[in-house]
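Trainee: Pasting upload.txt below, which is compact mmCIF, C-alpha atoms and all ligand atoms.
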```txt
# COMPACT_ATOMS: atom_id res chain seq x y z
CA MET A 10 -27.25 150.11 -64.22
CA ALA A 11 -26.25 146.93 -62.43
CA LYS A 12 -29.02 145.15 -60.58
CA GLY A 13 -28.49 145.16 -56.82
CA VAL A 14 -29.34 141.87 -55.13
CA SER A 15 -31.93 143.60 -53.01
CA GLN A 16 -33.58 145.25 -55.99
CA PHE A 17 -35.56 142.26 -57.25
CA ASP A 18 -39.31 142.40 -56.82
CA SER A 19 -39.79 138.64 -56.67
CA PRO A 20 -37.80 135.36 -56.51
CA GLN A 21 -38.84 134.73 -60.14
CA GLU A 22 -37.35 138.06 -61.21
CA LYS A 23 -34.05 137.29 -59.49
CA GLU A 24 -33.90 133.76 -60.98
CA ALA A 25 -34.52 135.12 -64.50
CA TYR A 26 -31.90 137.84 -64.05
CA VAL A 27 -29.26 135.45 -62.68
CA GLN A 28 -29.91 132.98 -65.51
CA GLY A 29 -29.56 135.65 -68.22
CA MET A 30 -26.47 137.14 -66.60
CA PHE A 31 -24.61 133.82 -66.37
CA ASP A 32 -25.65 132.88 -69.91
CA SER A 33 -24.15 136.15 -71.12
CA ILE A 34 -20.77 135.64 -69.43
CA ALA A 35 -20.57 131.86 -70.04
CA PRO A 36 -17.92 132.10 -72.84
CA ARG A 37 -15.49 133.89 -70.51
CA TYR A 38 -16.56 132.49 -67.15
CA ASP A 39 -13.65 130.05 -66.66
CA LEU A 40 -11.02 132.62 -67.63
CA LEU A 41 -12.50 135.22 -65.29
CA ASN A 42 -12.71 132.70 -62.47
CA ARG A 43 -9.04 131.74 -62.76
CA LEU A 44 -8.02 135.41 -62.88
CA MET A 45 -10.07 136.30 -59.83
CA ALA A 46 -8.95 133.48 -57.57
CA ALA A 47 -5.45 132.70 -58.89
CA ASN A 48 -6.47 129.04 -59.29
CA LEU A 49 -7.15 128.67 -55.55
CA ASP A 50 -10.78 128.14 -56.50
CA GLN A 51 -9.92 124.72 -57.96
CA ARG A 52 -8.25 123.63 -54.73
CA TRP A 53 -11.36 124.65 -52.78
CA ARG A 54 -13.57 122.69 -55.18
CA ARG A 55 -11.43 119.55 -54.74
CA ARG A 56 -11.78 119.86 -50.99
CA ALA A 57 -15.56 120.35 -51.23
CA ALA A 58 -15.80 117.27 -53.46
CA ARG A 59 -13.85 115.13 -50.96
CA GLU A 60 -16.12 116.29 -48.12
CA ALA A 61 -19.24 115.36 -50.09
CA VAL A 62 -18.17 111.96 -51.34
CA GLY A 63 -18.30 109.85 -48.14
CA ALA A 64 -18.59 106.18 -49.08
CA GLY A 65 -18.39 107.18 -52.74
CA ARG A 66 -21.27 105.05 -54.04
CA GLY A 67 -23.24 108.02 -55.25
CA PRO A 68 -25.10 109.28 -57.04
CA PHE A 69 -23.93 112.86 -56.44
CA LEU A 70 -25.48 116.16 -57.46
CA ASP A 71 -23.77 119.51 -58.06
CA VAL A 72 -26.27 122.39 -57.97
CA GLY A 73 -25.42 125.57 -59.91
CA ALA A 74 -22.84 123.46 -61.73
CA GLY A 75 -22.11 126.22 -64.25
CA THR A 76 -19.25 125.12 -66.51
CA GLY A 77 -18.78 121.99 -64.41
CA ASP A 78 -15.59 122.50 -62.39
CA LEU A 79 -17.01 121.15 -59.14
CA THR A 80 -19.06 118.51 -60.99
CA PHE A 81 -15.81 117.17 -62.49
CA ALA A 82 -14.02 117.35 -59.13
CA LEU A 83 -16.85 115.22 -57.70
CA ALA A 84 -16.50 112.72 -60.55
CA ARG A 85 -12.76 112.43 -59.88
CA ALA A 86 -13.32 111.99 -56.13
CA ALA A 87 -15.86 109.20 -56.77
CA PRO A 88 -14.60 107.52 -59.95
CA ARG A 89 -17.36 104.89 -60.16
CA ALA A 90 -20.33 106.97 -59.12
CA ARG A 91 -22.98 108.65 -61.22
CA VAL A 92 -22.63 112.46 -61.06
CA LEU A 93 -25.17 115.03 -62.12
CA GLY A 94 -24.72 118.78 -62.52
CA LEU A 95 -27.71 121.09 -62.78
CA ASP A 96 -27.94 124.77 -63.58
CA LEU A 97 -30.40 127.45 -64.66
CA ALA A 98 -28.08 128.80 -67.39
CA ARG A 99 -28.00 126.67 -70.54
CA GLY A 100 -24.94 128.58 -71.85
CA MET A 101 -22.91 127.59 -68.78
CA LEU A 102 -24.00 123.93 -69.06
CA ALA A 103 -23.06 123.81 -72.76
CA ARG A 104 -19.50 124.90 -71.85
CA GLY A 105 -19.34 122.16 -69.24
CA ARG A 106 -20.58 119.46 -71.61
CA ALA A 107 -17.93 120.47 -74.15
CA LYS A 108 -15.07 119.82 -71.70
CA LYS A 109 -12.88 116.71 -71.93
CA ALA A 110 -13.67 115.83 -68.32
CA PHE A 111 -17.36 115.35 -69.21
CA ASP A 112 -18.03 111.61 -69.38
CA PRO A 113 -21.52 111.08 -70.82
CA HIS A 114 -21.56 107.44 -69.63
CA ARG A 115 -21.83 108.39 -65.97
CA MET A 116 -22.42 112.14 -65.97
CA GLY A 117 -25.24 114.48 -66.84
CA MET A 118 -25.49 118.26 -67.07
CA VAL A 119 -29.15 119.22 -66.88
CA HIS A 120 -31.12 122.42 -67.09
CA ALA A 121 -33.14 122.84 -63.89
CA SER A 122 -33.39 124.94 -60.75
CA GLY A 123 -31.89 123.92 -57.42
CA LEU A 124 -35.18 125.13 -55.90
CA ALA A 125 -37.00 122.26 -57.65
CA ILE A 126 -34.53 119.38 -57.98
CA PRO A 127 -35.87 116.91 -60.55
CA ALA A 128 -35.23 113.79 -58.45
CA ARG A 129 -37.09 111.60 -55.95
CA GLU A 130 -36.64 111.92 -52.19
CA GLY A 131 -33.33 110.47 -50.95
CA ALA A 132 -31.87 110.17 -54.46
CA PHE A 133 -28.35 111.45 -53.72
CA GLU A 134 -25.52 110.42 -51.40
CA GLY A 135 -24.10 113.94 -51.54
CA ILE A 136 -25.01 117.38 -52.92
CA THR A 137 -22.53 120.18 -53.58
CA ASN A 138 -22.59 123.79 -54.74
CA ALA A 139 -19.83 126.35 -55.23
CA PHE A 140 -20.42 130.11 -55.24
CA VAL A 141 -24.13 129.59 -55.83
CA LEU A 142 -25.79 130.39 -52.47
CA ARG A 143 -25.74 134.18 -52.83
CA ASN A 144 -27.26 133.88 -56.31
CA LEU A 145 -30.27 131.86 -55.17
CA ALA A 146 -33.67 133.47 -55.15
CA ASP A 147 -34.56 131.63 -51.90
CA GLN A 148 -31.76 130.03 -49.89
CA GLY A 149 -34.06 128.43 -47.30
CA ALA A 150 -36.12 126.78 -50.06
CA PHE A 151 -32.92 125.40 -51.58
CA PHE A 152 -31.74 123.92 -48.27
CA ARG A 153 -35.12 122.23 -47.73
CA GLU A 154 -35.06 120.87 -51.27
CA ALA A 155 -31.47 119.59 -50.87
CA LEU A 156 -32.46 117.88 -47.60
CA ARG A 157 -35.36 116.16 -49.37
CA ALA A 158 -33.14 114.93 -52.21
CA LEU A 159 -30.39 113.58 -49.90
CA GLN A 160 -30.17 110.05 -48.52
CA PRO A 161 -30.22 109.76 -44.71
CA GLY A 162 -26.65 110.48 -43.53
CA GLY A 163 -25.92 112.30 -46.81
CA ARG A 164 -24.08 115.63 -46.95
CA LEU A 165 -24.74 119.01 -48.45
CA VAL A 166 -21.39 120.74 -49.07
CA SER A 167 -21.34 124.42 -50.03
CA LEU A 168 -18.57 126.88 -50.85
CA GLU A 169 -19.35 130.57 -50.66
CA ILE A 170 -17.47 133.85 -50.63
CA ASN A 171 -17.46 135.77 -47.36
CA ARG A 172 -16.58 139.27 -46.27
CA PRO A 173 -13.62 138.42 -44.08
CA PRO A 174 -13.08 140.12 -40.75
CA GLY A 175 -9.69 141.50 -39.72
CA ARG A 176 -8.14 144.93 -39.80
CA VAL A 177 -5.62 144.22 -42.55
CA PHE A 178 -7.11 141.49 -44.68
CA GLY A 179 -10.70 142.79 -44.55
CA PRO A 180 -10.00 146.19 -46.18
CA LEU A 181 -7.56 144.61 -48.66
CA TYR A 182 -10.18 142.09 -49.67
CA ARG A 183 -12.86 144.75 -50.05
CA PHE A 184 -10.50 146.90 -52.11
CA TYR A 185 -9.86 143.96 -54.44
CA PHE A 186 -13.37 142.54 -54.66
CA LEU A 187 -15.38 145.72 -54.62
CA GLY A 188 -12.92 148.11 -56.25
CA VAL A 189 -10.35 146.54 -58.55
CA MET A 190 -11.99 143.32 -59.64
CA PRO A 191 -15.30 144.74 -60.95
CA ARG A 192 -13.37 147.23 -63.11
CA VAL A 193 -11.13 144.59 -64.65
CA MET A 194 -14.02 142.19 -65.12
CA ARG A 195 -16.20 144.88 -66.67
CA ARG A 196 -13.65 145.14 -69.45
CA LEU A 197 -13.15 141.40 -69.93
CA SER A 198 -16.55 139.86 -69.38
CA GLY A 199 -18.38 141.22 -72.40
CA ASN A 200 -21.24 142.17 -70.04
CA PRO A 201 -20.39 145.28 -68.00
CA GLU A 202 -23.45 144.86 -65.79
CA ALA A 203 -22.53 141.33 -64.74
CA TYR A 204 -19.65 142.26 -62.49
CA GLY A 205 -21.58 145.12 -60.97
CA TYR A 206 -24.05 142.46 -59.89
CA LEU A 207 -21.21 140.21 -58.69
CA ALA A 208 -19.60 142.94 -56.57
CA ASP A 209 -23.00 143.83 -55.15
CA SER A 210 -23.79 140.21 -54.31
CA VAL A 211 -20.39 139.84 -52.57
CA ALA A 212 -20.98 143.03 -50.59
CA ARG A 213 -24.35 141.72 -49.39
CA VAL A 214 -23.54 138.05 -48.84
CA ASP A 215 -24.93 136.78 -45.51
CA PRO A 216 -22.38 136.06 -42.75
CA PRO A 217 -21.47 132.37 -42.33
CA ASP A 218 -23.35 132.01 -39.03
CA VAL A 219 -26.56 133.22 -40.71
CA ILE A 220 -26.14 130.75 -43.59
CA ALA A 221 -25.31 127.92 -41.17
CA ARG A 222 -28.36 128.74 -39.04
CA ARG A 223 -30.56 128.68 -42.13
CA MET A 224 -29.22 125.18 -42.94
CA GLY A 225 -30.10 124.07 -39.43
CA GLU A 226 -33.60 125.61 -39.69
CA ALA A 227 -34.15 123.69 -42.92
CA GLY A 228 -33.64 120.48 -40.94
CA PHE A 229 -29.97 119.52 -41.28
CA ALA A 230 -28.81 117.67 -38.17
CA HIS A 231 -25.23 118.84 -38.05
CA VAL A 232 -23.78 121.95 -39.70
CA GLU A 233 -20.13 123.03 -39.77
CA ALA A 234 -18.64 126.20 -41.32
CA THR A 235 -14.87 126.22 -41.97
CA PRO A 236 -13.12 129.43 -43.04
CA LEU A 237 -10.65 129.14 -45.94
CA LEU A 238 -8.11 131.79 -46.99
CA ARG A 239 -8.52 133.69 -43.70
CA GLY A 240 -12.26 133.59 -44.03
CA ALA A 241 -12.47 134.99 -47.57
CA VAL A 242 -14.27 131.77 -48.53
CA VAL A 243 -16.29 129.45 -46.29
CA LEU A 244 -16.81 125.70 -46.63
CA PHE A 245 -20.15 124.55 -45.18
CA VAL A 246 -20.80 120.88 -44.46
CA ALA A 247 -24.37 120.02 -43.44
CA GLU A 248 -25.45 116.46 -42.67
CA LYS A 249 -28.90 114.91 -42.95
CA ALA A 250 -29.73 112.76 -39.93
CA ALA A 251 -29.01 109.07 -40.54
C1 LIG A 301 -20.87 131.78 -59.72
S1 LIG A 301 -21.56 130.52 -60.72
C2 LIG A 301 -20.77 129.08 -60.04
C3 LIG A 301 -20.62 127.96 -61.04
C4 LIG A 301 -19.87 126.74 -60.54
N1 LIG A 301 -20.50 126.17 -59.37
C5 LIG A 301 -18.44 127.06 -60.24
O1 LIG A 301 -17.97 126.73 -59.17
O2 LIG A 301 -17.77 127.64 -61.10
C6 LIG A 301 -23.21 130.38 -60.09
C7 LIG A 301 -24.07 129.45 -60.90
O3 LIG A 301 -25.26 129.20 -60.18
C8 LIG A 301 -26.31 129.10 -61.12
N2 LIG A 301 -27.60 129.25 -60.41
C9 LIG A 301 -28.09 130.34 -59.77
N3 LIG A 301 -29.30 130.08 -59.24
C10 LIG A 301 -29.58 128.79 -59.54
C11 LIG A 301 -30.68 127.92 -59.27
N4 LIG A 301 -31.76 128.33 -58.60
N5 LIG A 301 -30.62 126.66 -59.73
C12 LIG A 301 -29.56 126.22 -60.44
N6 LIG A 301 -28.50 126.99 -60.73
C13 LIG A 301 -28.50 128.26 -60.29
C14 LIG A 301 -25.99 130.16 -62.14
O4 LIG A 301 -26.68 129.98 -63.36
C15 LIG A 301 -24.47 130.00 -62.27
O5 LIG A 301 -24.10 129.11 -63.28
```
Could I get this file's structure written as structure tokens?
Mentor:
Amino acid sequence: MAKGVSQFDSPQEKEAYVQGMFDSIAPRYDLLNRLMAANLDQRWRRRAAREAVGAGRGPFLDVGAGTGDLTFALARAAPRARVLGLDLARGMLARGRAKKAFDPHRMGMVHASGLAIPAREGAFEGITNAFVLRNLADQGAFFREALRALQPGGRLVSLEINRPPGRVFGPLYRFYFLGVMPRVMRRLSGNPEAYGYLADSVARVDPPDVIARRMGEAGFAHVEATPLLRGAVVLFVAEKAA
């Protein structure tokens, strides 16, 4: 049976489950991603990278980097800056490191948790994450940790799936994400349970105003949530006070 996101007994249990699940689907993750989002996901990542880059001096950090797509978008948006990706799942990181876009001279892909970022206070000009928030064992703890690791005036930029409102698009989206997609993915992913978890995590994702409020409670000075694709995805930009 697929693990429901509310079925974990502790943050540690959820972290271990998420890590194992992403390790198991790592070989097919990029293919599945492209199939699910018809390549729109790459456009959203480029936009998130531009929002995070600011002056472009860096360094920048991509949390839950996975196979590196947003990490590489960040590196392209800030061509002289140092860029670091971190993730819990070693299998995902290994795929990222094997890509042509990985430049070992100014990039790193490290195994760590976003809940304990291995960097000093104020280390990063910008921090990003794409489709990670709903997988975190403790979102508030992550926002506090990101705030600590950001320079004053630095930005945390997050992309996350949303359950879009609307009479037409809402049901269509639910039909696709909760009905069709898990079935197709179950066949392709090599881990039937993984996409049960994914569908469940999409069904239970917090509304954007709740996520934005949590960012504010963690101490971010200014938080903005912009709907993309009629609200199917949300871009959050949270600024640390200068
Ligand atoms: C849906 S994937 C997104 C990967 C990548 N950001 C992308 O856009 O394709 C979510 C990733 O978040 C990672 N993750 C989940 N919890 C994490 C945590 N506490 N710290 C670091 N990475 C985490 C997972 O291992 C997985 O690789």
Trainee: Would you please work out which residue, of A:Met224, A:Ala90, A:Ala132, A:Leu83, is nearest to ligand LIG 301 (chain A) when using all atoms listed in the file?
Mentor: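 Closest candidate: A:Leu83.
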Trainee: Could you give me the residues within 9 Å of ligand LIG 301 (chain A), counting all atoms listed in the file, as number ranges by chain?
Mentor: A: 23-25, 27-32, 35, 38-39, 42, 50-51, 54, 71-80, 95-102, 120-126, 137-148, 151, 168, 207
Trainee: How would you write as a list in words the residues that get within 12 Å of (-39.3, 119.4, -42.1) in the file's frame, counting only C-alpha atoms?
Mentor: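 It turns out the residues near that spot are Gly149, Ala150, Phe152, Arg153, Glu154, Ala155, Leu156, Arg157, Met224, Gly225, Glu226, Ala227, Gly228, Phe229, Ala230, Lys249 and Ala250 of chain A.
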Trainee: Write to file, as a short mmCIF file (atom, residue, chain, number, x, y, z; two decimals), in the coordinates of the input, the residues of the selection just made, with C-alpha atoms.
Mentor:
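out.cif was written with the following content:
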```
data_model
loop_
_atom_site.label_atom_id
_atom_site.label_comp_id
_atom_site.auth_asym_id
_atom_site.auth_seq_id
_atom_site.Cartn_x
_atom_site.Cartn_y
_atom_site.Cartn_z
CA GLY A 149 -34.06 128.43 -47.30
CA ALA A 150 -36.12 126.78 -50.06
CA PHE A 152 -31.74 123.92 -48.27
CA ARG A 153 -35.12 122.23 -47.73
CA GLU A 154 -35.06 120.87 -51.27
CA ALA A 155 -31.47 119.59 -50.87
CA LEU A 156 -32.46 117.88 -47.60
CA ARG A 157 -35.36 116.16 -49.37
CA MET A 224 -29.22 125.18 -42.94
CA GLY A 225 -30.10 124.07 -39.43
CA GLU A 226 -33.60 125.61 -39.69
CA ALA A 227 -34.15 123.69 -42.92
CA GLY A 228 -33.64 120.48 -40.94
CA PHE A 229 -29.97 119.52 -41.28
CA ALA A 230 -28.81 117.67 -38.17
CA LYS A 249 -28.90 114.91 -42.95
CA ALA A 250 -29.73 112.76 -39.93
#
```
Trainee: If we count all atoms listed in the file, what is near range 231-234 of chain A at a cut-off of 10 Å, once residues fewer than 5 positions away on the same chain are taken out, given as a list in words?
Mentor: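 Listed by chain and then number, they are Arg164, Leu165, Val166, Ser167, Leu168, Pro217, Asp218, Ile220, Ala221, Arg222, Arg223, Met224, Gly225, Val243, Leu244, Phe245, Val246, Ala247, Glu248, Lys249 and Ala250 of chain A.
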Trainee: For a quick check of understanding, using all atoms listed in the file, which of A:Gln16, A:Val119, A:Ala86, A:Ala103 has the smallest distance to Asp209 in chain A?
Mentor: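 Closest to Asp209 in chain A, using all atoms listed in the file: A:Gln16.
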Trainee: Report as a ChimeraX atom specification all protein, DNA and RNA residues lying within 12 Å of Ala87 in chain A, evaluated on all atoms listed in the file, omitting residues in the same chain fewer than 4 positions from it.
Mentor: /A:55,58-70,80-83,91-92,115-116,134-135
Trainee: Just give me the gap between CA of Ala212 in chain A and CA of Gly240 in chain A in Å, one decimal is fine.
Mentor: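 Straight-line distance from CA of Ala212 in chain A to CA of Gly240 in chain A works out to 14.4 Å.
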Trainee: Please measure the separation of CA of Leu181 in chain A and CA of Trp53 in chain A, giving the value in Å to one decimal.
Mentor: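 We find that CA of Leu181 in chain A and CA of Trp53 in chain A lie 20.7 Å from each other.
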Trainee: Would you compute the distance between CA of Arg56 in chain A and CA of Ile170 in chain A? Give it in Å to one decimal.
Mentor: 15.1 Å
Trainee: Need the axis-aligned box for range 88-101 of chain A with 3 Å each side, so what are the centre and edges in Å to one decimal, as JSON?
Mentor:
```
{"center_x": -22.5, "center_y": 116.8, "center_z": -65.5, "size_x": 21.8, "size_y": 29.9, "size_z": 18.7}
```
Trainee: For Pro161 in chain A, which of A:Gly179, A:Gly131, A:Gly188, A:Pro36 is the closest residue, counting all atoms listed in the file?
Mentor: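 Of the candidates, the smallest distance to Pro161 in chain A is held by A:Gly131.
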Trainee: Restricting the calculation to only C-alpha atoms, which member of A:Met45, A:Arg239, A:Tyr206, A:Val214 is positioned closest to Phe17 in chain A?
Mentor: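 Closest to Phe17 in chain A of all the choices is A:Tyr206.
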